[in-house]
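Student: Enclosed is the structure file entry-v8.pdb (PDB, C-alpha atoms, pLDDT in the B column).
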ATOM      1  CA  MET A   1      30.453 -51.750   2.367  1.00 52.00           C
ATOM      2  CA  GLY A   2      31.171 -53.961   5.433  1.00 58.00           C
ATOM      3  CA  LEU A   3      28.858 -56.617   6.839  1.00 59.00           C
ATOM      4  CA  ARG A   4      28.167 -54.509   9.936  1.00 56.00           C
ATOM      5  CA  SER A   5      27.073 -51.543   7.831  1.00 56.00           C
ATOM      6  CA  ILE A   6      24.820 -53.749   5.700  1.00 54.00           C
ATOM      7  CA  PHE A   7      23.288 -55.255   8.834  1.00 49.00           C
ATOM      8  CA  GLU A   8      22.666 -51.831  10.390  1.00 47.00           C
ATOM      9  CA  ARG A   9      20.918 -50.604   7.225  1.00 54.00           C
ATOM     10  CA  PHE A  10      18.776 -53.753   7.149  1.00 50.00           C
ATOM     11  CA  ILE A  11      17.752 -53.315  10.808  1.00 44.00           C
ATOM     12  CA  LYS A  12      16.946 -49.638  10.297  1.00 48.00           C
ATOM     13  CA  LYS A  13      14.848 -50.304   7.204  1.00 49.00           C
ATOM     14  CA  HIS A  14      12.999 -53.455   8.224  1.00 46.00           C
ATOM     15  CA  VAL A  15      13.024 -53.734  12.016  1.00 45.00           C
ATOM     16  CA  PHE A  16      12.536 -50.078  12.969  1.00 48.00           C
ATOM     17  CA  ASN A  17      10.191 -49.346  10.116  1.00 54.00           C
ATOM     18  CA  PRO A  18       8.221 -46.166  11.036  1.00 57.00           C
ATOM     19  CA  GLU A  19       5.154 -47.623   9.313  1.00 60.00           C
ATOM     20  CA  TRP A  20       4.912 -50.199  12.110  1.00 75.00           C
ATOM     21  CA  GLN A  21       4.231 -47.462  14.632  1.00 84.00           C
ATOM     22  CA  CYS A  22       1.545 -44.804  14.446  1.00 86.00           C
ATOM     23  CA  ALA A  23       3.220 -41.431  13.916  1.00 87.00           C
ATOM     24  CA  VAL A  24       0.695 -39.800  16.268  1.00 88.00           C
ATOM     25  CA  CYS A  25      -0.004 -42.103  19.237  1.00 88.00           C
ATOM     26  CA  LYS A  26       3.147 -44.256  18.850  1.00 85.00           C
ATOM     27  CA  GLU A  27       1.151 -47.452  19.308  1.00 85.00           C
ATOM     28  CA  GLU A  28       1.857 -50.477  17.107  1.00 81.00           C
ATOM     29  CA  ASN A  29       0.232 -50.050  13.737  1.00 77.00           C
ATOM     30  CA  PHE A  30       0.048 -52.772  11.103  1.00 71.00           C
ATOM     31  CA  ASP A  31      -2.675 -51.173   8.970  1.00 71.00           C
ATOM     32  CA  GLY A  32      -0.167 -50.248   6.278  1.00 69.00           C
ATOM     33  CA  GLY A  33      -0.209 -46.506   6.937  1.00 80.00           C
ATOM     34  CA  LEU A  34       1.791 -44.041   9.008  1.00 86.00           C
ATOM     35  CA  VAL A  35      -1.262 -43.086  11.100  1.00 88.00           C
ATOM     36  CA  CYS A  36      -3.536 -45.674  12.711  1.00 89.00           C
ATOM     37  CA  LYS A  37      -7.258 -45.613  12.022  1.00 88.00           C
ATOM     38  CA  LYS A  38      -8.112 -44.344  15.509  1.00 88.00           C
ATOM     39  CA  CYS A  39      -5.873 -41.298  15.090  1.00 90.00           C
ATOM     40  CA  GLU A  40      -6.792 -40.818  11.429  1.00 89.00           C
ATOM     41  CA  ASP A  41     -10.418 -40.340  12.458  1.00 88.00           C
ATOM     42  CA  LYS A  42      -9.349 -37.496  14.783  1.00 90.00           C
ATOM     43  CA  LEU A  43      -7.244 -35.543  12.296  1.00 93.00           C
ATOM     44  CA  PRO A  44      -8.418 -31.949  11.672  1.00 95.00           C
ATOM     45  CA  TYR A  45      -9.157 -32.223   7.963  1.00 96.00           C
ATOM     46  CA  ASN A  46      -9.994 -28.892   6.401  1.00 96.00           C
ATOM     47  CA  ASN A  47     -13.047 -30.254   4.601  1.00 92.00           C
ATOM     48  CA  LYS A  48     -15.932 -28.190   5.988  1.00 91.00           C
ATOM     49  CA  TYR A  49     -16.607 -24.482   5.466  1.00 94.00           C
ATOM     50  CA  ILE A  50     -13.645 -22.581   4.035  1.00 95.00           C
ATOM     51  CA  CYS A  51     -12.708 -19.180   2.688  1.00 94.00           C
ATOM     52  CA  ALA A  52     -13.096 -19.457  -1.099  1.00 95.00           C
ATOM     53  CA  HIS A  53      -9.908 -17.443  -1.654  1.00 94.00           C
ATOM     54  CA  CYS A  54      -7.313 -18.568   0.897  1.00 94.00           C
ATOM     55  CA  GLY A  55      -8.889 -21.895   1.818  1.00 95.00           C
ATOM     56  CA  ARG A  56      -8.864 -21.473   5.588  1.00 94.00           C
ATOM     57  CA  GLN A  57     -11.455 -23.060   7.835  1.00 94.00           C
ATOM     58  CA  THR A  58     -14.318 -20.671   8.565  1.00 92.00           C
ATOM     59  CA  LEU A  59     -17.627 -20.862  10.413  1.00 90.00           C
ATOM     60  CA  ALA A  60     -19.543 -20.317   7.189  1.00 91.00           C
ATOM     61  CA  PRO A  61     -18.635 -20.049   3.491  1.00 90.00           C
ATOM     62  CA  GLU A  62     -16.811 -16.784   2.813  1.00 90.00           C
ATOM     63  CA  PRO A  63     -15.490 -15.305  -0.471  1.00 94.00           C
ATOM     64  CA  TYR A  64     -12.705 -13.610   1.530  1.00 92.00           C
ATOM     65  CA  CYS A  65     -11.962 -14.045   5.230  1.00 90.00           C
ATOM     66  CA  SER A  66     -10.462 -11.449   7.543  1.00 86.00           C
ATOM     67  CA  THR A  67      -6.963 -12.867   7.030  1.00 86.00           C
ATOM     68  CA  CYS A  68      -6.831 -12.594   3.250  1.00 87.00           C
ATOM     69  CA  ALA A  69      -9.268  -9.804   2.291  1.00 85.00           C
ATOM     70  CA  GLU A  70      -7.292  -7.122   0.420  1.00 83.00           C
ATOM     71  CA  LYS A  71      -4.058  -8.769   1.626  1.00 82.00           C
ATOM     72  CA  LEU A  72      -3.238 -11.973  -0.253  1.00 79.00           C
ATOM     73  CA  ILE A  73      -3.919 -10.324  -3.583  1.00 89.00           C
ATOM     74  CA  ALA A  74      -0.977 -11.870  -5.465  1.00 94.00           C
ATOM     75  CA  ILE A  75      -2.153 -15.379  -4.563  1.00 95.00           C
ATOM     76  CA  ASP A  76      -4.960 -16.345  -6.927  1.00 96.00           C
ATOM     77  CA  ARG A  77      -6.212 -19.153  -4.726  1.00 96.00           C
ATOM     78  CA  ALA A  78      -4.925 -21.208  -1.797  1.00 97.00           C
ATOM     79  CA  ARG A  79      -5.951 -24.543  -0.336  1.00 97.00           C
ATOM     80  CA  SER A  80      -4.775 -26.688   2.563  1.00 98.00           C
ATOM     81  CA  VAL A  81      -5.386 -30.298   3.536  1.00 98.00           C
ATOM     82  CA  PHE A  82      -5.682 -29.755   7.283  1.00 98.00           C
ATOM     83  CA  THR A  83      -6.339 -27.052   9.837  1.00 96.00           C
ATOM     84  CA  TYR A  84      -3.205 -26.383  11.860  1.00 96.00           C
ATOM     85  CA  LYS A  85      -4.215 -28.077  15.097  1.00 94.00           C
ATOM     86  CA  GLU A  86      -3.007 -31.096  17.056  1.00 93.00           C
ATOM     87  CA  PRO A  87      -1.964 -33.685  16.080  1.00 93.00           C
ATOM     88  CA  ILE A  88      -1.193 -32.318  12.602  1.00 95.00           C
ATOM     89  CA  SER A  89       0.815 -29.446  14.065  1.00 95.00           C
ATOM     90  CA  TYR A  90       2.873 -32.053  15.946  1.00 93.00           C
ATOM     91  CA  LEU A  91       3.555 -34.032  12.751  1.00 94.00           C
ATOM     92  CA  ILE A  92       4.521 -30.921  10.801  1.00 96.00           C
ATOM     93  CA  GLN A  93       6.914 -29.848  13.546  1.00 94.00           C
ATOM     94  CA  ASN A  94       8.494 -33.296  13.428  1.00 94.00           C
ATOM     95  CA  LEU A  95       8.902 -33.069   9.664  1.00 95.00           C
ATOM     96  CA  LYS A  96      10.276 -29.560   9.841  1.00 93.00           C
ATOM     97  CA  TYR A  97      12.641 -29.743  12.794  1.00 93.00           C
ATOM     98  CA  GLN A  98      13.130 -33.396  13.798  1.00 92.00           C
ATOM     99  CA  ASN A  99      14.233 -34.818  10.427  1.00 93.00           C
ATOM    100  CA  HIS A 100      11.156 -37.071  10.180  1.00 93.00           C
ATOM    101  CA  ARG A 101      11.272 -36.950   6.405  1.00 93.00           C
ATOM    102  CA  TYR A 102       9.279 -40.159   6.070  1.00 91.00           C
ATOM    103  CA  LEU A 103       6.186 -38.031   6.851  1.00 94.00           C
ATOM    104  CA  VAL A 104       6.434 -36.605   3.325  1.00 96.00           C
ATOM    105  CA  ASP A 105       5.051 -39.923   2.088  1.00 92.00           C
ATOM    106  CA  TYR A 106       1.984 -39.440   4.269  1.00 92.00           C
ATOM    107  CA  PHE A 107       1.331 -35.837   3.312  1.00 96.00           C
ATOM    108  CA  ARG A 108       2.000 -36.261  -0.409  1.00 96.00           C
ATOM    109  CA  GLN A 109      -1.051 -38.463  -0.974  1.00 93.00           C
ATOM    110  CA  ARG A 110      -3.337 -35.841   0.502  1.00 96.00           C
ATOM    111  CA  LEU A 111      -1.655 -32.968  -1.320  1.00 97.00           C
ATOM    112  CA  LYS A 112      -2.127 -34.847  -4.588  1.00 97.00           C
ATOM    113  CA  LEU A 113      -5.850 -35.332  -3.955  1.00 97.00           C
ATOM    114  CA  LEU A 114      -6.317 -31.659  -3.071  1.00 97.00           C
ATOM    115  CA  TYR A 115      -4.360 -30.547  -6.151  1.00 97.00           C
ATOM    116  CA  LEU A 116      -6.566 -32.657  -8.432  1.00 97.00           C
ATOM    117  CA  GLN A 117      -9.805 -31.626  -6.712  1.00 95.00           C
ATOM    118  CA  ASN A 118      -9.016 -27.950  -7.312  1.00 95.00           C
ATOM    119  CA  TYR A 119      -7.991 -28.250 -10.990  1.00 93.00           C
ATOM    120  CA  PHE A 120      -4.870 -26.138 -10.530  1.00 94.00           C
ATOM    121  CA  ASN A 121      -3.446 -27.307 -13.896  1.00 92.00           C
ATOM    122  CA  ALA A 122      -0.010 -25.868 -13.167  1.00 97.00           C
ATOM    123  CA  ASP A 123       2.831 -25.525 -15.635  1.00 98.00           C
ATOM    124  CA  TYR A 124       5.275 -25.860 -12.758  1.00 98.00           C
ATOM    125  CA  ILE A 125       5.300 -26.723  -9.074  1.00 98.00           C
ATOM    126  CA  ILE A 126       7.687 -24.744  -6.885  1.00 98.00           C
ATOM    127  CA  CYS A 127       8.615 -24.553  -3.210  1.00 98.00           C
ATOM    128  CA  VAL A 128       9.320 -21.897  -0.602  1.00 97.00           C
ATOM    129  CA  PRO A 129      13.134 -21.708  -0.682  1.00 96.00           C
ATOM    130  CA  MET A 130      15.604 -21.430   2.170  1.00 95.00           C
ATOM    131  CA  THR A 131      18.890 -19.539   2.215  1.00 93.00           C
ATOM    132  CA  VAL A 132      22.024 -21.601   1.595  1.00 93.00           C
ATOM    133  CA  LYS A 133      23.052 -21.056   5.210  1.00 93.00           C
ATOM    134  CA  SER A 134      19.726 -22.245   6.641  1.00 92.00           C
ATOM    135  CA  LEU A 135      19.630 -25.224   4.295  1.00 94.00           C
ATOM    136  CA  LYS A 136      23.091 -26.336   5.384  1.00 93.00           C
ATOM    137  CA  LYS A 137      22.104 -25.982   9.027  1.00 92.00           C
ATOM    138  CA  ARG A 138      18.901 -28.026   8.751  1.00 93.00           C
ATOM    139  CA  GLY A 139      20.115 -30.360   6.033  1.00 94.00           C
ATOM    140  CA  TYR A 140      16.921 -30.293   4.006  1.00 96.00           C
ATOM    141  CA  ASN A 141      14.002 -28.075   3.026  1.00 97.00           C
ATOM    142  CA  GLN A 142      10.678 -29.678   3.944  1.00 97.00           C
ATOM    143  CA  SER A 143       8.855 -27.443   1.455  1.00 98.00           C
ATOM    144  CA  GLU A 144      11.112 -28.692  -1.336  1.00 98.00           C
ATOM    145  CA  LEU A 145      10.569 -32.333  -0.332  1.00 97.00           C
ATOM    146  CA  LEU A 146       6.794 -31.858  -0.414  1.00 98.00           C
ATOM    147  CA  ALA A 147       6.894 -29.970  -3.717  1.00 98.00           C
ATOM    148  CA  LYS A 148       9.046 -32.583  -5.451  1.00 98.00           C
ATOM    149  CA  ALA A 149       6.841 -35.396  -4.162  1.00 98.00           C
ATOM    150  CA  LEU A 150       3.720 -33.661  -5.475  1.00 98.00           C
ATOM    151  CA  SER A 151       5.482 -32.971  -8.771  1.00 98.00           C
ATOM    152  CA  GLU A 152       6.078 -36.694  -9.239  1.00 97.00           C
ATOM    153  CA  ASP A 153       2.556 -37.652  -8.211  1.00 97.00           C
ATOM    154  CA  VAL A 154       0.708 -35.270 -10.551  1.00 97.00           C
ATOM    155  CA  ASN A 155       3.278 -35.408 -13.377  1.00 97.00           C
ATOM    156  CA  VAL A 156       3.960 -31.660 -13.353  1.00 98.00           C
ATOM    157  CA  SER A 157       7.559 -30.466 -13.540  1.00 98.00           C
ATOM    158  CA  TYR A 158       9.230 -29.113 -10.418  1.00 98.00           C
ATOM    159  CA  LEU A 159      10.960 -25.792 -11.068  1.00 98.00           C
ATOM    160  CA  ASP A 160      13.678 -24.251  -8.921  1.00 97.00           C
ATOM    161  CA  CYS A 161      12.942 -20.676  -9.922  1.00 96.00           C
ATOM    162  CA  VAL A 162      13.033 -18.675  -6.688  1.00 97.00           C
ATOM    163  CA  GLU A 163      15.936 -18.251  -4.295  1.00 96.00           C
ATOM    164  CA  LYS A 164      16.043 -16.778  -0.821  1.00 94.00           C
ATOM    165  CA  ILE A 165      18.879 -14.283  -0.757  1.00 92.00           C
ATOM    166  CA  LYS A 166      18.462 -12.784   2.717  1.00 87.00           C
ATOM    167  CA  GLU A 167      18.383 -14.364   6.156  1.00 85.00           C
ATOM    168  CA  THR A 168      15.203 -13.486   8.037  1.00 78.00           C
ATOM    169  CA  LYS A 169      13.973 -13.803  11.590  1.00 67.00           C
ATOM    170  CA  ARG A 170      11.717 -16.734  12.426  1.00 70.00           C
ATOM    171  CA  GLN A 171       8.218 -15.728  11.454  1.00 63.00           C
ATOM    172  CA  ALA A 172       6.354 -17.649  14.163  1.00 61.00           C
ATOM    173  CA  LYS A 173       6.113 -14.830  16.721  1.00 63.00           C
ATOM    174  CA  LEU A 174       5.732 -11.952  14.267  1.00 61.00           C
ATOM    175  CA  GLY A 175       2.487 -10.250  13.238  1.00 65.00           C
ATOM    176  CA  ARG A 176       1.516  -9.864   9.600  1.00 64.00           C
ATOM    177  CA  ASN A 177       3.043  -6.419   9.070  1.00 71.00           C
ATOM    178  CA  GLU A 178       6.207  -7.484  10.877  1.00 75.00           C
ATOM    179  CA  ARG A 179       6.404 -10.572   8.670  1.00 67.00           C
ATOM    180  CA  LEU A 180       6.104  -8.539   5.489  1.00 67.00           C
ATOM    181  CA  LYS A 181       8.803  -6.160   6.692  1.00 74.00           C
ATOM    182  CA  ASN A 182      10.973  -9.122   7.678  1.00 70.00           C
ATOM    183  CA  LEU A 183      10.602 -10.641   4.187  1.00 75.00           C
ATOM    184  CA  LYS A 184      11.323  -7.464   2.224  1.00 82.00           C
ATOM    185  CA  GLY A 185      14.078  -8.164  -0.273  1.00 79.00           C
ATOM    186  CA  ALA A 186      14.354 -11.793   0.826  1.00 84.00           C
ATOM    187  CA  PHE A 187      13.428 -13.522  -2.438  1.00 93.00           C
ATOM    188  CA  LYS A 188      14.649 -13.330  -6.022  1.00 94.00           C
ATOM    189  CA  VAL A 189      13.359 -14.920  -9.243  1.00 96.00           C
ATOM    190  CA  LYS A 190      16.243 -16.731 -10.937  1.00 95.00           C
ATOM    191  CA  ASP A 191      15.129 -16.685 -14.586  1.00 93.00           C
ATOM    192  CA  LYS A 192      12.147 -14.586 -15.641  1.00 95.00           C
ATOM    193  CA  LYS A 193      11.926 -16.225 -19.069  1.00 96.00           C
ATOM    194  CA  LEU A 194      11.076 -19.601 -17.531  1.00 96.00           C
ATOM    195  CA  ILE A 195       7.954 -18.372 -15.757  1.00 97.00           C
ATOM    196  CA  LYS A 196       6.584 -15.817 -18.215  1.00 97.00           C
ATOM    197  CA  ASP A 197       2.860 -16.448 -18.778  1.00 97.00           C
ATOM    198  CA  LYS A 198       3.031 -19.637 -16.684  1.00 98.00           C
ATOM    199  CA  THR A 199       0.756 -20.997 -13.953  1.00 98.00           C
ATOM    200  CA  LEU A 200       2.667 -21.893 -10.805  1.00 98.00           C
ATOM    201  CA  VAL A 201       1.734 -23.714  -7.612  1.00 98.00           C
ATOM    202  CA  ILE A 202       3.743 -22.896  -4.485  1.00 98.00           C
ATOM    203  CA  VAL A 203       3.924 -25.822  -2.038  1.00 98.00           C
ATOM    204  CA  ASP A 204       4.659 -25.319   1.652  1.00 97.00           C
ATOM    205  CA  ASP A 205       3.978 -26.965   5.000  1.00 97.00           C
ATOM    206  CA  VAL A 206       1.858 -24.309   6.770  1.00 96.00           C
ATOM    207  CA  THR A 207      -0.017 -21.149   5.873  1.00 94.00           C
ATOM    208  CA  THR A 208      -0.171 -18.783   8.846  1.00 90.00           C
ATOM    209  CA  THR A 209      -0.692 -15.193   7.693  1.00 86.00           C
ATOM    210  CA  GLY A 210       0.280 -16.047   4.122  1.00 89.00           C
ATOM    211  CA  ALA A 211       2.944 -13.325   4.111  1.00 89.00           C
ATOM    212  CA  THR A 212       5.718 -15.566   2.768  1.00 92.00           C
ATOM    213  CA  ALA A 213       3.656 -16.929  -0.122  1.00 94.00           C
ATOM    214  CA  GLN A 214       2.305 -13.451  -0.857  1.00 93.00           C
ATOM    215  CA  THR A 215       5.846 -12.030  -1.060  1.00 94.00           C
ATOM    216  CA  ILE A 216       6.972 -14.828  -3.389  1.00 96.00           C
ATOM    217  CA  ALA A 217       3.829 -14.503  -5.535  1.00 96.00           C
ATOM    218  CA  GLU A 218       4.434 -10.770  -5.942  1.00 95.00           C
ATOM    219  CA  LYS A 219       7.939 -11.499  -7.213  1.00 96.00           C
ATOM    220  CA  LEU A 220       6.665 -14.171  -9.592  1.00 97.00           C
ATOM    221  CA  LYS A 221       3.944 -11.970 -11.049  1.00 97.00           C
ATOM    222  CA  SER A 222       6.307  -9.033 -11.395  1.00 96.00           C
ATOM    223  CA  ALA A 223       8.530 -11.391 -13.368  1.00 96.00           C
ATOM    224  CA  GLY A 224       5.669 -12.297 -15.720  1.00 97.00           C
ATOM    225  CA  ALA A 225       3.874 -15.287 -14.171  1.00 98.00           C
ATOM    226  CA  ASN A 226       0.223 -15.515 -15.158  1.00 97.00           C
ATOM    227  CA  SER A 227      -1.282 -17.253 -12.103  1.00 97.00           C
ATOM    228  CA  VAL A 228       0.094 -18.284  -8.726  1.00 98.00           C
ATOM    229  CA  TYR A 229      -1.657 -20.751  -6.438  1.00 98.00           C
ATOM    230  CA  LEU A 230      -0.705 -21.972  -2.971  1.00 98.00           C
ATOM    231  CA  LEU A 231      -1.048 -25.515  -1.668  1.00 98.00           C
ATOM    232  CA  THR A 232      -0.089 -26.375   1.914  1.00 98.00           C
ATOM    233  CA  VAL A 233      -0.396 -29.271   4.300  1.00 98.00           C
ATOM    234  CA  ALA A 234      -2.185 -27.091   6.860  1.00 98.00           C
ATOM    235  CA  SER A 235      -3.438 -23.572   7.473  1.00 96.00           C
ATOM    236  CA  THR A 236      -4.305 -21.661  10.595  1.00 92.00           C
ATOM    237  CA  PRO A 237      -7.924 -20.468  10.804  1.00 86.00           C
ATOM    238  CA  PRO A 238      -8.614 -16.721  10.899  1.00 79.00           C
ATOM    239  CA  ARG A 239      -8.072 -15.354  14.397  1.00 68.00           C
ATOM    240  CA  ASP A 240     -11.683 -14.220  14.600  1.00 60.00           C
ATOM    241  CA  GLU A 241     -12.780 -17.324  12.615  1.00 50.00           C
ATOM    242  CA  TYR A 242     -14.088 -15.170   9.742  1.00 46.00           C
TER
END
Translate this file's structure into structure tokens.
Tutor:
Amino acid sequence: MGLRSIFERFIKKHVFNPEWQCAVCKEENFDGGLVCKKCEDKLPYNNKYICAHCGRQTLAPEPYCSTCAEKLIAIDRARSVFTYKEPISYLIQNLKYQNHRYLVDYFRQRLKLLYLQNYFNADYIICVPMTVKSLKKRGYNQSELLAKALSEDVNVSYLDCVEKIKETKRQAKLGRNERLKNLKGAFKVKDKKLIKDKTLVIVDDVTTTGATAQTIAEKLKSAGANSVYLLTVASTPPRDEY
């Protein structure tokens, strides 16, 4: 490695350290975290009333909200750290599409705390997979990065047990029924013996309708999994807030 290359790596690591700038407001930040205290206090933590089943923010405690009632039946329980609002939505978009992979280190601490608070006691932690084509195009799978980070932090093995075998349309502008139709035949369990009678936690960045996790959970349970939980960085509240 030449001197110029070594110098460039040093500058990138130590001079343009992302931890010296708040990831939200972009102001100088020497508090030792990726988000300054002023912005941290404004983050939409999902720590008030939630749906007991899917974990979304609600106006009052609900056993099942309008989004998950009789729909997310293959998911035993879901929880999310934040509600999908600014500035968390901005950070997730940066992680997902702008290659800001350093944000994994910020989210992983909060995912770990939520995992422990909910006593998931998983045998394996898994991610929402991408097709080979999509992975090559983006260069990384943010769900996999989050899942592997959580796996390390809670000392639970990461398992690559589901593959996405069909390209699908972007889910963002699709309704729930359209999403389910879009995902039909998209996922495959690689080895049924590995997950038989096991408890699995799916890790992803955002829960919107829950259709993707539901589709994966159905495949896992059909293959013999005992319980399937979902843990995400953020979730969208029910459209009617109940």
Student: Just give me the gap between atom CA of Leu194 of chain A and atom CA of Ile216 of chain A in Å, one decimal is fine.
Tutor: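 A separation of 15.5 Å between them.
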Student: Which residues, written as a PyMOL selection string, have at least one atom at most 6 Å from Ser143 of chain A, with only C-alpha atoms counted and residues fewer than 3 positions away on the same chain left out?
Tutor: chain A and resi 127-128+146+204
Student: Run the PyMOL selection byres ((chain A and resi 31-37) around 8) on the file and write out the hits as a VMD selection string.
Tutor: chain A and resid 18 to 24 29 to 30 38 to 41 103 106
Student: Just give me the gap between atom CA of Cys65 of chain A and atom CA of Cys51 of chain A in Å, one decimal is fine.
Tutor: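 If I compute the distance from atom CA of Cys65 of chain A to atom CA of Cys51 of chain A, I get 5.8 Å.
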Student: Identify all residues satisfying the PyMOL selection byres ((chain A and resi 89) around 10) in the given file; provide them as a ChimeraX atom specification.
Tutor: /A:44,82-88,90-95,205-206,233-236
Student: Could you check how far atom CA of Leu116 of chain A sits from atom CA of Ala213 of chain A, in Å to one decimal?
Tutor: 20.5 Å
Student: Check the smallest atom-to-atom distance from each of A:Gln214, A:Thr208, A:Asn226, A:Ser157 to Lys184 of chain A using all atoms listed in the file, then report the winner.
Tutor: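 Closest residue, counting all atoms listed in the file: A:Gln214.
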Student: Could you list the residues chosen by the PyMOL selection byres ((chain A and resi 109) around 12) in this structure as a PDB file with C-alpha atoms, in the frame of the given file?
Tutor:
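Writing done, so here's out-v8.pdb:
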ATOM      1  CA  GLY A  33      -0.209 -46.506   6.937  1.00 80.00           C
ATOM      2  CA  LEU A  34       1.791 -44.041   9.008  1.00 86.00           C
ATOM      3  CA  VAL A  81      -5.386 -30.298   3.536  1.00 98.00           C
ATOM      4  CA  LEU A 103       6.186 -38.031   6.851  1.00 94.00           C
ATOM      5  CA  VAL A 104       6.434 -36.605   3.325  1.00 96.00           C
ATOM      6  CA  ASP A 105       5.051 -39.923   2.088  1.00 92.00           C
ATOM      7  CA  TYR A 106       1.984 -39.440   4.269  1.00 92.00           C
ATOM      8  CA  PHE A 107       1.331 -35.837   3.312  1.00 96.00           C
ATOM      9  CA  ARG A 108       2.000 -36.261  -0.409  1.00 96.00           C
ATOM     10  CA  ARG A 110      -3.337 -35.841   0.502  1.00 96.00           C
ATOM     11  CA  LEU A 111      -1.655 -32.968  -1.320  1.00 97.00           C
ATOM     12  CA  LYS A 112      -2.127 -34.847  -4.588  1.00 97.00           C
ATOM     13  CA  LEU A 113      -5.850 -35.332  -3.955  1.00 97.00           C
ATOM     14  CA  LEU A 114      -6.317 -31.659  -3.071  1.00 97.00           C
ATOM     15  CA  TYR A 115      -4.360 -30.547  -6.151  1.00 97.00           C
ATOM     16  CA  LEU A 116      -6.566 -32.657  -8.432  1.00 97.00           C
ATOM     17  CA  LEU A 146       6.794 -31.858  -0.414  1.00 98.00           C
ATOM     18  CA  ALA A 147       6.894 -29.970  -3.717  1.00 98.00           C
ATOM     19  CA  ALA A 149       6.841 -35.396  -4.162  1.00 98.00           C
ATOM     20  CA  LEU A 150       3.720 -33.661  -5.475  1.00 98.00           C
ATOM     21  CA  SER A 151       5.482 -32.971  -8.771  1.00 98.00           C
ATOM     22  CA  GLU A 152       6.078 -36.694  -9.239  1.00 97.00           C
ATOM     23  CA  ASP A 153       2.556 -37.652  -8.211  1.00 97.00           C
ATOM     24  CA  VAL A 154       0.708 -35.270 -10.551  1.00 97.00           C
ATOM     25  CA  VAL A 233      -0.396 -29.271   4.300  1.00 98.00           C
TER      26      VAL A 233
END
Student: Please determine, counting all atoms listed in the file, which residue among A:Ala211, A:Leu231, A:Ala225, A:Leu220 has the shortest atom-to-atom distance to Lys196 of chain A.
Tutor: A:Ala225
Student: Between A:Asn155, A:Gln117, A:Ser227, A:Asn99, single out the one closest to Asp197 of chain A, counting only C-alpha atoms.
Tutor: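 For Asp197 of chain A, the nearest of the given residues is A:Ser227.
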Student: Using only C-alpha atoms, which of the listed residues (A:Ile195, A:Ala74, A:Ala186, A:Val162) sits closest to Leu230 of chain A?
Tutor: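 Closest residue, counting only C-alpha atoms: A:Ala74.
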Student: Find the residues around segment 54-61 of chain A up to 7 Å (all atoms listed in the file counted), leave out those fewer than 5 positions away in its own chain, and share them as an NGL selection string.
Tutor: :A and (46 or 49 or 68 or 77-80 or 83 or 235-237 or 241-242)
Student: What are the centre and edge lengths in Å, to one decimal, of the axis-aligned box around all listed atoms of segment 119-127 of chain A with 3 Å added on each side, as JSON?
Tutor:
{"center_x": 0.3, "center_y": -26.4, "center_z": -9.4, "size_x": 22.6, "size_y": 9.7, "size_z": 18.4}
Student: Tell me which protein, DNA and RNA residues are within 12 Å of Thr131 of chain A, counting only C-alpha atoms, leaving out same-chain ones fewer than 6 positions away, and put them as a PyMOL selection string.
Tutor: chain A and resi 137-141+162-168+186-188
Student: Pick out the closest residue to Thr207 of chain A from this set: A:Glu62, A:Phe120, A:Pro238, A:Val156. Count only C-alpha atoms.
Tutor: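 The shortest atom-to-atom distance to Thr207 of chain A comes from A:Pro238.
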